[in-house]
>>> print(open('coords_12.pdb').read())   # PDB, C-alpha atoms
ATOM      1  CA  MET A1017     -20.163   0.763  14.065
ATOM      2  CA  ALA A1018     -23.126   2.876  13.079
ATOM      3  CA  VAL A1019     -21.557   5.930  14.670
ATOM      4  CA  MET A1020     -18.227   5.281  13.004
ATOM      5  CA  GLN A1021     -19.910   4.824   9.663
ATOM      6  CA  ALA A1022     -21.612   8.173  10.146
ATOM      7  CA  GLN A1023     -18.319   9.836  10.941
ATOM      8  CA  LEU A1024     -16.306   8.293   8.134
ATOM      9  CA  SER A1025     -18.568   8.961   5.193
ATOM     10  CA  THR A1026     -18.302   9.376   1.455
ATOM     11  CA  ASP A1027     -19.110  13.051   1.929
ATOM     12  CA  LEU A1028     -16.237  13.444   4.382
ATOM     13  CA  LEU A1029     -13.822  11.725   2.013
ATOM     14  CA  ILE A1030     -14.847  13.858  -0.956
ATOM     15  CA  ALA A1031     -14.874  17.057   1.131
ATOM     16  CA  GLY A1032     -11.378  16.204   2.349
ATOM     17  CA  ALA A1033     -10.119  15.722  -1.198
ATOM     18  CA  ARG A1034     -11.820  18.918  -2.326
ATOM     19  CA  ASP A1035     -10.176  20.943   0.439
ATOM     20  CA  VAL A1036      -6.749  19.579  -0.430
ATOM     21  CA  PHE A1037      -7.173  20.114  -4.154
ATOM     22  CA  GLU A1038      -8.572  23.625  -3.852
ATOM     23  CA  THR A1039      -5.895  24.868  -1.476
ATOM     24  CA  MET A1040      -2.795  22.925  -2.565
ATOM     25  CA  VAL A1041      -3.370  21.808  -6.143
ATOM     26  CA  PHE A1042      -5.685  24.565  -7.432
ATOM     27  CA  MET A1043      -7.973  22.115  -9.196
ATOM     28  CA  ALA A1044     -11.700  21.478  -8.660
ATOM     29  CA  VAL A1045     -13.023  18.175  -7.279
ATOM     30  CA  GLU A1046     -16.602  17.022  -7.935
ATOM     31  CA  PRO A1047     -18.331  13.698  -7.250
ATOM     32  CA  ALA A1048     -18.596  11.468 -10.324
ATOM     33  CA  THR A1049     -20.387   8.280 -11.218
ATOM     34  CA  ASP A1050     -18.683   4.933 -10.860
ATOM     35  CA  GLU A1051     -18.708   4.555 -14.626
ATOM     36  CA  ARG A1052     -15.948   7.118 -14.867
ATOM     37  CA  ARG A1053     -12.972   4.991 -13.949
ATOM     38  CA  ILE A1054      -9.280   5.421 -14.602
ATOM     39  CA  GLN A1055      -8.000   3.934 -17.849
ATOM     40  CA  GLY A1056      -4.387   2.984 -18.536
ATOM     41  CA  PRO A1057      -1.373   3.383 -16.263
ATOM     42  CA  ALA A1058      -2.154   4.730 -12.800
ATOM     43  CA  THR A1059      -0.376   6.045  -9.723
ATOM     44  CA  GLN A1060      -1.827   5.456  -6.260
ATOM     45  CA  GLY A1061      -0.856   7.016  -2.931
ATOM     46  CA  ILE A1062      -1.455   4.991   0.257
ATOM     47  CA  VAL A1063      -1.322   5.939   3.917
ATOM     48  CA  SER A1064      -1.974   3.392   6.641
ATOM     49  CA  PHE A1065      -3.243   4.303  10.087
ATOM     50  CA  ILE A1066      -2.842   2.437  13.347
ATOM     51  CA  GLY A1067      -4.881   2.967  16.508
ATOM     52  CA  PRO A1068      -8.356   2.119  17.816
ATOM     53  CA  ILE A1069      -9.278   1.839  14.170
ATOM     54  CA  LYS A1070      -6.762   0.466  11.680
ATOM     55  CA  GLY A1071      -6.781   0.688   7.928
ATOM     56  CA  CYS A1072      -5.636   2.688   4.953
ATOM     57  CA  LEU A1073      -6.612   5.542   2.705
ATOM     58  CA  THR A1074      -5.781   5.467  -0.998
ATOM     59  CA  VAL A1075      -5.943   8.079  -3.777
ATOM     60  CA  ARG A1076      -5.570   6.905  -7.361
ATOM     61  CA  PHE A1077      -4.919   8.938 -10.517
ATOM     62  CA  SER A1078      -4.113   8.201 -14.129
ATOM     63  CA  ASP A1079      -0.425   8.909 -14.703
ATOM     64  CA  ALA A1080      -1.365  11.951 -16.813
ATOM     65  CA  CYS A1081      -3.518  13.327 -14.007
ATOM     66  CA  ALA A1082      -0.854  12.582 -11.388
ATOM     67  CA  ALA A1083       1.709  14.537 -13.410
ATOM     68  CA  GLU A1084      -0.566  17.563 -13.677
ATOM     69  CA  VAL A1085      -1.472  17.379  -9.979
ATOM     70  CA  ALA A1086       2.203  17.186  -8.989
ATOM     71  CA  ALA A1087       3.227  20.031 -11.309
ATOM     72  CA  ASN A1088       0.464  22.225  -9.881
ATOM     73  CA  MET A1089       1.426  21.421  -6.289
ATOM     74  CA  LEU A1090       5.050  22.261  -6.978
ATOM     75  CA  GLY A1091       4.327  25.346  -9.093
ATOM     76  CA  LEU A1092       6.021  23.922 -12.165
ATOM     77  CA  SER A1093       4.983  25.312 -15.511
ATOM     78  CA  ARG A1094       5.152  21.935 -17.246
ATOM     79  CA  PRO A1095       4.641  18.369 -15.970
ATOM     80  CA  ASN A1096       7.666  17.236 -17.967
ATOM     81  CA  LEU A1097       9.901  19.084 -15.504
ATOM     82  CA  LEU A1098       8.937  16.494 -12.880
ATOM     83  CA  SER A1099      11.274  13.720 -11.816
ATOM     84  CA  PRO A1100       9.717  10.367 -10.889
ATOM     85  CA  GLU A1101      10.577  11.087  -7.236
ATOM     86  CA  MET A1102       8.850  14.472  -7.330
ATOM     87  CA  LEU A1103       5.743  12.869  -8.785
ATOM     88  CA  ASP A1104       5.720  10.090  -6.181
ATOM     89  CA  ASP A1105       6.250  12.516  -3.313
ATOM     90  CA  ALA A1106       3.395  14.708  -4.540
ATOM     91  CA  VAL A1107       0.947  11.802  -4.860
ATOM     92  CA  GLY A1108       2.009  10.496  -1.455
ATOM     93  CA  GLU A1109       1.497  13.966   0.017
ATOM     94  CA  ILE A1110      -2.014  14.146  -1.458
ATOM     95  CA  ALA A1111      -2.872  10.886   0.312
ATOM     96  CA  ASN A1112      -1.310  12.240   3.495
ATOM     97  CA  MET A1113      -3.255  15.504   3.348
ATOM     98  CA  VAL A1114      -6.598  13.853   2.550
ATOM     99  CA  MET A1115      -5.925  11.547   5.487
ATOM    100  CA  GLY A1116      -5.338  14.680   7.577
ATOM    101  CA  THR A1117      -8.871  15.832   6.871
ATOM    102  CA  VAL A1118     -10.267  12.375   7.701
ATOM    103  CA  LYS A1119      -8.086  11.980  10.796
ATOM    104  CA  THR A1120     -10.234  14.295  12.901
ATOM    105  CA  ALA A1121     -13.180  11.920  12.487
ATOM    106  CA  ALA A1122     -10.998   8.853  12.958
ATOM    107  CA  ASP A1123      -9.475  10.331  16.114
ATOM    108  CA  MET A1124     -12.894  10.447  17.759
ATOM    109  CA  PHE A1125     -12.298   6.768  18.530
ATOM    110  CA  GLY A1126      -8.842   7.536  19.931
ATOM    111  CA  ALA A1127      -5.762   8.995  18.269
ATOM    112  CA  VAL A1128      -4.453   7.154  15.234
ATOM    113  CA  GLN A1129      -0.872   7.194  13.972
ATOM    114  CA  ILE A1130      -0.284   7.721  10.262
ATOM    115  CA  SER A1131       2.331   5.909   8.169
ATOM    116  CA  THR A1132       4.747   7.498   5.737
ATOM    117  CA  PRO A1133       2.930   7.527   2.374
ATOM    118  CA  SER A1134       3.793   4.834  -0.110
ATOM    119  CA  ILE A1135       3.045   4.830  -3.811
ATOM    120  CA  VAL A1136       2.014   2.053  -6.212
ATOM    121  CA  HIS A1137       2.368   2.253  -9.979
ATOM    122  CA  GLY A1138       0.505  -0.140 -12.231
ATOM    123  CA  ARG A1139      -2.570  -0.804 -14.295
ATOM    124  CA  ARG A1140      -6.074  -1.917 -13.353
ATOM    125  CA  LEU A1141      -5.326  -1.228  -9.702
ATOM    126  CA  SER A1142      -7.651  -2.185  -6.895
ATOM    127  CA  HIS A1143      -6.973  -2.072  -3.166
ATOM    128  CA  GLU A1144      -8.224  -4.265  -0.311
ATOM    129  CA  LEU A1145      -7.645  -4.562   3.432
ATOM    130  CA  SER A1146      -7.297  -7.954   5.095
ATOM    131  CA  GLY A1147     -10.221  -9.191   7.167
ATOM    132  CA  ARG A1148     -13.729  -7.931   6.524
ATOM    133  CA  PRO A1149     -13.155  -4.184   6.476
ATOM    134  CA  ASN A1150     -15.575  -1.328   6.405
ATOM    135  CA  ARG A1151     -14.959   0.549   3.187
ATOM    136  CA  ILE A1152     -15.911   3.755   1.442
ATOM    137  CA  ASP A1153     -15.116   4.219  -2.245
ATOM    138  CA  ALA A1154     -15.652   7.417  -4.186
ATOM    139  CA  VAL A1155     -14.970   8.410  -7.768
ATOM    140  CA  VAL A1156     -14.408  12.119  -8.332
ATOM    141  CA  MET A1157     -13.697  14.258 -11.389
ATOM    142  CA  ILE A1158     -10.721  16.593 -11.167
ATOM    143  CA  ASP A1159     -11.157  19.801 -13.161
ATOM    144  CA  ASP A1160     -13.899  18.020 -15.169
ATOM    145  CA  ARG A1161     -11.188  16.113 -17.013
ATOM    146  CA  TYR A1162      -9.678  13.351 -14.929
ATOM    147  CA  PRO A1163     -11.487  10.669 -12.931
ATOM    148  CA  ALA A1164      -9.759   9.885  -9.633
ATOM    149  CA  GLU A1165     -10.574   7.114  -7.158
ATOM    150  CA  LEU A1166     -10.565   7.508  -3.371
ATOM    151  CA  SER A1167     -10.892   4.654  -0.886
ATOM    152  CA  LEU A1168     -10.991   4.458   2.884
ATOM    153  CA  LEU A1169     -10.796   0.958   4.390
ATOM    154  CA  TRP A1170     -10.749   0.256   8.101
ATOM    155  CA  ARG A1171     -11.391  -2.205  10.874
ATOM    156  CA  GLU A1172     -12.200  -1.442  14.462
ATOM    157  CA  ARG A1173     -10.251  -2.891  17.354
ATOM    158  CA  PHE A1174     -12.992  -5.246  18.489
ATOM    159  CA  GLU A1175     -13.258  -6.823  15.062
ATOM    160  CA  SER A1176     -11.282 -10.028  14.601
ATOM    161  CA  ALA A1177      -7.832  -9.838  13.030
TER     162      ALA A1177
ATOM    163  CA  MET B1214      22.626   4.355   8.466
ATOM    164  CA  ALA B1215      25.425   1.885   7.828
ATOM    165  CA  VAL B1216      24.419  -0.159  10.860
ATOM    166  CA  MET B1217      20.770  -0.128   9.863
ATOM    167  CA  GLN B1218      21.672  -1.210   6.373
ATOM    168  CA  ALA B1219      23.605  -4.131   7.830
ATOM    169  CA  GLN B1220      20.629  -5.133   9.952
ATOM    170  CA  LEU B1221      17.996  -4.866   7.255
ATOM    171  CA  SER B1222      19.635  -6.800   4.461
ATOM    172  CA  THR B1223      18.615  -8.722   1.379
ATOM    173  CA  ASP B1224      19.688 -11.898   3.173
ATOM    174  CA  LEU B1225      17.405 -11.111   6.116
ATOM    175  CA  LEU B1226      14.471 -10.430   3.807
ATOM    176  CA  ILE B1227      14.950 -13.657   1.856
ATOM    177  CA  ALA B1228      15.568 -15.684   5.029
ATOM    178  CA  GLY B1229      12.357 -14.253   6.480
ATOM    179  CA  ALA B1230      10.384 -15.225   3.407
ATOM    180  CA  ARG B1231      11.959 -18.685   3.382
ATOM    181  CA  ASP B1232      11.015 -19.284   7.020
ATOM    182  CA  VAL B1233       7.418 -18.248   6.407
ATOM    183  CA  PHE B1234       7.080 -20.310   3.246
ATOM    184  CA  GLU B1235       8.686 -23.436   4.691
ATOM    185  CA  THR B1236       6.619 -23.452   7.872
ATOM    186  CA  MET B1237       3.280 -21.999   6.740
ATOM    187  CA  VAL B1238       3.047 -22.520   2.984
ATOM    188  CA  PHE B1239       5.165 -25.667   2.522
ATOM    189  CA  MET B1240       6.906 -24.274  -0.546
ATOM    190  CA  ALA B1241      10.628 -23.645  -1.106
ATOM    191  CA  VAL B1242      12.052 -20.142  -1.554
ATOM    192  CA  GLU B1243      15.350 -19.528  -3.347
ATOM    193  CA  PRO B1244      17.019 -16.306  -4.490
ATOM    194  CA  ALA B1245      16.557 -15.598  -8.197
ATOM    195  CA  THR B1246      17.975 -13.156 -10.699
ATOM    196  CA  ASP B1247      16.238  -9.879 -11.435
ATOM    197  CA  GLU B1248      15.442 -11.124 -14.934
ATOM    198  CA  ARG B1249      12.813 -13.429 -13.484
ATOM    199  CA  ARG B1250       9.991 -10.978 -12.948
ATOM    200  CA  ILE B1251       6.274 -11.460 -12.568
ATOM    201  CA  GLN B1252       4.271 -11.411 -15.791
ATOM    202  CA  GLY B1253       0.548 -10.671 -16.048
ATOM    203  CA  PRO B1254      -1.893  -9.924 -13.240
ATOM    204  CA  ALA B1255      -0.349  -9.725  -9.786
ATOM    205  CA  THR B1256      -1.378  -9.561  -6.133
ATOM    206  CA  GLN B1257       0.714  -7.647  -3.628
ATOM    207  CA  GLY B1258       0.571  -7.632   0.161
ATOM    208  CA  ILE B1259       1.708  -4.487   2.002
ATOM    209  CA  VAL B1260       2.380  -3.812   5.670
ATOM    210  CA  SER B1261       3.477  -0.394   6.869
ATOM    211  CA  PHE B1262       5.475   0.160  10.033
ATOM    212  CA  ILE B1263       5.665   3.231  12.217
ATOM    213  CA  GLY B1264       8.335   3.989  14.819
ATOM    214  CA  PRO B1265      11.956   5.134  14.908
ATOM    215  CA  ILE B1266      12.083   3.802  11.381
ATOM    216  CA  LYS B1267       9.056   4.134   9.123
ATOM    217  CA  GLY B1268       8.291   2.379   5.891
ATOM    218  CA  CYS B1269       6.666  -0.634   4.326
ATOM    219  CA  LEU B1270       7.286  -4.203   3.324
ATOM    220  CA  THR B1271       5.695  -5.643   0.192
ATOM    221  CA  VAL B1272       5.406  -9.178  -1.206
ATOM    222  CA  ARG B1273       4.231  -9.597  -4.786
ATOM    223  CA  PHE B1274       3.037 -12.722  -6.587
ATOM    224  CA  SER B1275       1.452 -13.532  -9.907
ATOM    225  CA  ASP B1276      -2.239 -14.253  -9.361
ATOM    226  CA  ALA B1277      -1.614 -17.935 -10.159
ATOM    227  CA  CYS B1278       1.144 -18.104  -7.546
ATOM    228  CA  ALA B1279      -0.957 -16.212  -4.977
ATOM    229  CA  ALA B1280      -3.790 -18.722  -5.410
ATOM    230  CA  GLU B1281      -1.478 -21.670  -4.866
ATOM    231  CA  VAL B1282       0.172 -20.009  -1.859
ATOM    232  CA  ALA B1283      -3.207 -19.254  -0.297
ATOM    233  CA  ALA B1284      -4.572 -22.751  -0.939
ATOM    234  CA  ASN B1285      -1.463 -24.286   0.664
ATOM    235  CA  MET B1286      -1.693 -22.013   3.712
ATOM    236  CA  LEU B1287      -5.330 -22.895   4.198
ATOM    237  CA  GLY B1288      -4.921 -26.596   3.476
ATOM    238  CA  LEU B1289      -7.282 -26.518   0.504
ATOM    239  CA  SER B1290      -6.915 -29.215  -2.074
ATOM    240  CA  ARG B1291      -7.603 -26.885  -5.000
ATOM    241  CA  PRO B1292      -6.994 -23.134  -5.461
ATOM    242  CA  ASN B1293     -10.430 -22.795  -7.066
ATOM    243  CA  LEU B1294     -12.013 -23.344  -3.644
ATOM    244  CA  LEU B1295     -10.631 -19.930  -2.622
ATOM    245  CA  SER B1296     -12.834 -16.878  -2.342
ATOM    246  CA  PRO B1297     -11.277 -13.505  -3.257
ATOM    247  CA  GLU B1298     -11.327 -12.597   0.457
ATOM    248  CA  MET B1299      -9.484 -15.787   1.430
ATOM    249  CA  LEU B1300      -6.838 -15.080  -1.191
ATOM    250  CA  ASP B1301      -6.415 -11.469  -0.044
ATOM    251  CA  ASP B1302      -6.214 -12.443   3.609
ATOM    252  CA  ALA B1303      -3.577 -15.085   2.849
ATOM    253  CA  VAL B1304      -1.391 -12.687   0.845
ATOM    254  CA  GLY B1305      -1.773 -10.041   3.544
ATOM    255  CA  GLU B1306      -0.803 -12.582   6.176
ATOM    256  CA  ILE B1307       2.315 -13.542   4.214
ATOM    257  CA  ALA B1308       3.377  -9.874   4.236
ATOM    258  CA  ASN B1309       2.583  -9.701   7.940
ATOM    259  CA  MET B1310       4.595 -12.816   8.770
ATOM    260  CA  VAL B1311       7.617 -11.806   6.665
ATOM    261  CA  MET B1312       7.467  -8.439   8.460
ATOM    262  CA  GLY B1313       7.477 -10.382  11.724
ATOM    263  CA  THR B1314      10.836 -11.901  10.843
ATOM    264  CA  VAL B1315      12.206  -8.486   9.827
ATOM    265  CA  LYS B1316      10.732  -6.726  12.871
ATOM    266  CA  THR B1317      13.368  -8.050  15.248
ATOM    267  CA  ALA B1318      16.040  -6.216  13.269
ATOM    268  CA  ALA B1319      13.851  -3.132  12.861
ATOM    269  CA  ASP B1320      13.099  -3.094  16.603
ATOM    270  CA  MET B1321      16.791  -2.668  17.390
ATOM    271  CA  PHE B1322      16.208   1.018  16.668
ATOM    272  CA  GLY B1323      13.129   1.089  18.919
ATOM    273  CA  ALA B1324       9.850  -0.797  18.715
ATOM    274  CA  VAL B1325       7.851  -0.337  15.528
ATOM    275  CA  GLN B1326       4.093  -0.738  15.173
ATOM    276  CA  ILE B1327       2.774  -2.738  12.241
ATOM    277  CA  SER B1328      -0.299  -1.843  10.184
ATOM    278  CA  THR B1329      -3.102  -4.183   9.198
ATOM    279  CA  PRO B1330      -2.024  -5.714   5.867
ATOM    280  CA  SER B1331      -3.501  -4.239   2.713
ATOM    281  CA  ILE B1332      -3.552  -5.828  -0.723
ATOM    282  CA  VAL B1333      -3.155  -4.368  -4.221
ATOM    283  CA  HIS B1334      -4.294  -6.102  -7.380
ATOM    284  CA  GLY B1335      -3.047  -4.961 -10.770
ATOM    285  CA  ARG B1336      -0.514  -5.375 -13.511
ATOM    286  CA  ARG B1337       3.060  -4.132 -13.862
ATOM    287  CA  LEU B1338       3.108  -3.193 -10.198
ATOM    288  CA  SER B1339       5.931  -1.255  -8.601
ATOM    289  CA  HIS B1340       6.046   0.239  -5.115
ATOM    290  CA  GLU B1341       7.776   3.362  -3.770
ATOM    291  CA  LEU B1342       7.972   5.218  -0.464
ATOM    292  CA  SER B1343       7.808   8.997  -0.340
ATOM    293  CA  GLY B1344      11.050  10.863   0.374
ATOM    294  CA  ARG B1345      14.386   9.270  -0.391
ATOM    295  CA  PRO B1346      13.982   5.877   1.242
ATOM    296  CA  ASN B1347      16.467   3.159   1.870
ATOM    297  CA  ARG B1348      15.301   0.133  -0.054
ATOM    298  CA  ILE B1349      16.017  -3.545  -0.469
ATOM    299  CA  ASP B1350      14.495  -5.464  -3.366
ATOM    300  CA  ALA B1351      14.761  -9.199  -3.858
ATOM    301  CA  VAL B1352      13.398 -11.577  -6.462
ATOM    302  CA  VAL B1353      12.910 -15.145  -5.282
ATOM    303  CA  MET B1354      11.679 -18.331  -6.937
ATOM    304  CA  ILE B1355       8.917 -20.221  -5.175
ATOM    305  CA  ASP B1356       9.098 -23.991  -5.687
ATOM    306  CA  ASP B1357      11.276 -23.331  -8.773
ATOM    307  CA  ARG B1358       8.136 -22.257 -10.636
ATOM    308  CA  TYR B1359       6.958 -18.808  -9.623
ATOM    309  CA  PRO B1360       9.027 -15.624  -9.358
ATOM    310  CA  ALA B1361       7.991 -13.447  -6.421
ATOM    311  CA  GLU B1362       9.168  -9.942  -5.564
ATOM    312  CA  LEU B1363       9.964  -8.715  -2.050
ATOM    313  CA  SER B1364      10.680  -5.094  -1.113
ATOM    314  CA  LEU B1365      11.527  -3.351   2.120
ATOM    315  CA  LEU B1366      11.505   0.467   2.026
ATOM    316  CA  TRP B1367      12.202   2.666   5.034
ATOM    317  CA  ARG B1368      13.286   6.012   6.324
ATOM    318  CA  GLU B1369      14.844   6.782   9.652
ATOM    319  CA  ARG B1370      13.475   9.380  12.009
ATOM    320  CA  PHE B1371      16.282  11.879  11.460
ATOM    321  CA  GLU B1372      15.691  11.855   7.725
ATOM    322  CA  SER B1373      13.480  14.648   6.422
ATOM    323  CA  ALA B1374       9.806  13.952   5.882
TER     324      ALA B1374
END
>>> encode(input="coords_12.pdb", output="structure tokens")
Amino acid sequence: MAVMQAQLSTDLLIAGARDVFETMVFMAVEPATDERRIQGPATQGIVSFIGPIKGCLTVRFSDACAAEVAANMLGLSRPNLLSPEMLDDAVGEIANMVMGTVKTAADMFGAVQISTPSIVHGRRLSHELSGRPNRIDAVVMIDDRYPAELSLLWRERFESA
Amino acid sequence: MAVMQAQLSTDLLIAGARDVFETMVFMAVEPATDERRIQGPATQGIVSFIGPIKGCLTVRFSDACAAEVAANMLGLSRPNLLSPEMLDDAVGEIANMVMGTVKTAADMFGAVQISTPSIVHGRRLSHELSGRPNRIDAVVMIDDRYPAELSLLWRERFESA
């Protein structure tokens, strides 16, 4: 457990998000305080992983942030050119790519399989994993304008279902 | 696709939920019209599956309904004896058990692996899967009092990522 905790860290999660945002979204990611939380309607990408450790990774944006992220990823000049499906696919792909950066650490306990991303829309979102999971939560600022929330929740095989 | 659609049907989803609720929750499940939707804060259980078909199953309740469902499952006399973790675990287990009834049909295309359940809390929740998924949505009434929303979203292997 201690080793796993060291591998799957807040720093790793934030570094993973930063890599994805710098190379695919062209926006800066910096750690933020927990006081900066998302207000209003939000869009959340989720990927689950199955293997020696099981859990999920989530990335959560305000809808305004999600639209700008998706437009940047797709090279669109304006967010209003986005269809709902394009926005969902982009947010799901962000979750998938951040998971890709975390997967190397997770795979040290044996290869994990990653689910197709799914996407939740709503307000006042929070995400849990059944059982008593390990969890890492991080709030980041995107381009100094938008708070975004990252979570990694997991259980190890020897923990009870 | 046509065969898969026939296997994974609204009837199968509702029958799966009915079985779980009758045997584990001791509450009746009946199909309802789409006009009966959840109002206010909601709790949603999610399980993802990975295999020849990939996707997720979600079950969504109002918080009041979720508390009563969880108390019934656990044999508690009052929902206010529930901790947040007990409620989350119960809603996750409902998703897991409904997936169990759907899995037999899903497995006809090759065995799927099921994720640990995760749980979303929020308002005005909706759930999507990245890509252009097949989807089945059903609204049911639980004990003639609570609307609940079930969704099954999936893509087949030959469909683009």
>>> closest_residue(input="coords_12.pdb", among="B:Pro1330, B:Ser1296, B:Gln1220, B:Gln1257", to="B:Met1310", atoms="all atoms listed in the file")
B:Pro1330
>>> closest_residue(input="coords_12.pdb", among="B:Ser1331, B:Arg1370, B:Ser1275, B:His1340", to="B:Arg1249", atoms="all atoms listed in the file")
B:Ser1275
>>> interface_residues(input="coords_12.pdb", of="chain A", to="chain B", cutoff="8 Å", atoms="only C-alpha atoms", output="list in words")
Ser1064, Phe1065, Ile1066, Lys1070, Gly1071, Cys1072, Glu1101, Asp1104, Asp1105, Gly1108, Gln1129, Ile1130, Ser1131, Thr1132, Pro1133, Ser1134, Ile1135, Val1136, His1137, Gly1138, Arg1139, Arg1140, Leu1141, Ser1142, His1143, Glu1144, Leu1145, Ser1146 and Gly1147 of chain A
>>> write_last_selection(input="coords_12.pdb", atoms="C-alpha atoms", output="PDB file, in the frame of the given file")
ATOM      1  CA  SER A1064      -1.974   3.392   6.641  1.00  0.00           C
ATOM      2  CA  PHE A1065      -3.243   4.303  10.087  1.00  0.00           C
ATOM      3  CA  ILE A1066      -2.842   2.437  13.347  1.00  0.00           C
ATOM      4  CA  LYS A1070      -6.762   0.466  11.680  1.00  0.00           C
ATOM      5  CA  GLY A1071      -6.781   0.688   7.928  1.00  0.00           C
ATOM      6  CA  CYS A1072      -5.636   2.688   4.953  1.00  0.00           C
ATOM      7  CA  GLU A1101      10.577  11.087  -7.236  1.00  0.00           C
ATOM      8  CA  ASP A1104       5.720  10.090  -6.181  1.00  0.00           C
ATOM      9  CA  ASP A1105       6.250  12.516  -3.313  1.00  0.00           C
ATOM     10  CA  GLY A1108       2.009  10.496  -1.455  1.00  0.00           C
ATOM     11  CA  GLN A1129      -0.872   7.194  13.972  1.00  0.00           C
ATOM     12  CA  ILE A1130      -0.284   7.721  10.262  1.00  0.00           C
ATOM     13  CA  SER A1131       2.331   5.909   8.169  1.00  0.00           C
ATOM     14  CA  THR A1132       4.747   7.498   5.737  1.00  0.00           C
ATOM     15  CA  PRO A1133       2.930   7.527   2.374  1.00  0.00           C
ATOM     16  CA  SER A1134       3.793   4.834  -0.110  1.00  0.00           C
ATOM     17  CA  ILE A1135       3.045   4.830  -3.811  1.00  0.00           C
ATOM     18  CA  VAL A1136       2.014   2.053  -6.212  1.00  0.00           C
ATOM     19  CA  HIS A1137       2.368   2.253  -9.979  1.00  0.00           C
ATOM     20  CA  GLY A1138       0.505  -0.140 -12.231  1.00  0.00           C
ATOM     21  CA  ARG A1139      -2.570  -0.804 -14.295  1.00  0.00           C
ATOM     22  CA  ARG A1140      -6.074  -1.917 -13.353  1.00  0.00           C
ATOM     23  CA  LEU A1141      -5.326  -1.228  -9.702  1.00  0.00           C
ATOM     24  CA  SER A1142      -7.651  -2.185  -6.895  1.00  0.00           C
ATOM     25  CA  HIS A1143      -6.973  -2.072  -3.166  1.00  0.00           C
ATOM     26  CA  GLU A1144      -8.224  -4.265  -0.311  1.00  0.00           C
ATOM     27  CA  LEU A1145      -7.645  -4.562   3.432  1.00  0.00           C
ATOM     28  CA  SER A1146      -7.297  -7.954   5.095  1.00  0.00           C
ATOM     29  CA  GLY A1147     -10.221  -9.191   7.167  1.00  0.00           C
TER      30      GLY A1147
END
>>> closest_residue(input="coords_12.pdb", among="A:Ala1082, A:Leu1092, A:Ala1122, A:Ala1048", to="A:Ile1030", atoms="all atoms listed in the file")
A:Ala1048
>>> atom_distance(input="coords_12.pdb", atom1="atom CA of A:Thr1074", atom2="atom CA of B:Val1311")
23.2 Å
>>> resolve_selection(input="coords_12.pdb", expression="the PyMOL selection byres ((chain B and resi 1358) around 12)", output="ChimeraX atom specification")
/B:1240-1243,1245,1249-1251,1274-1275,1277-1278,1281,1353-1357,1359-1361
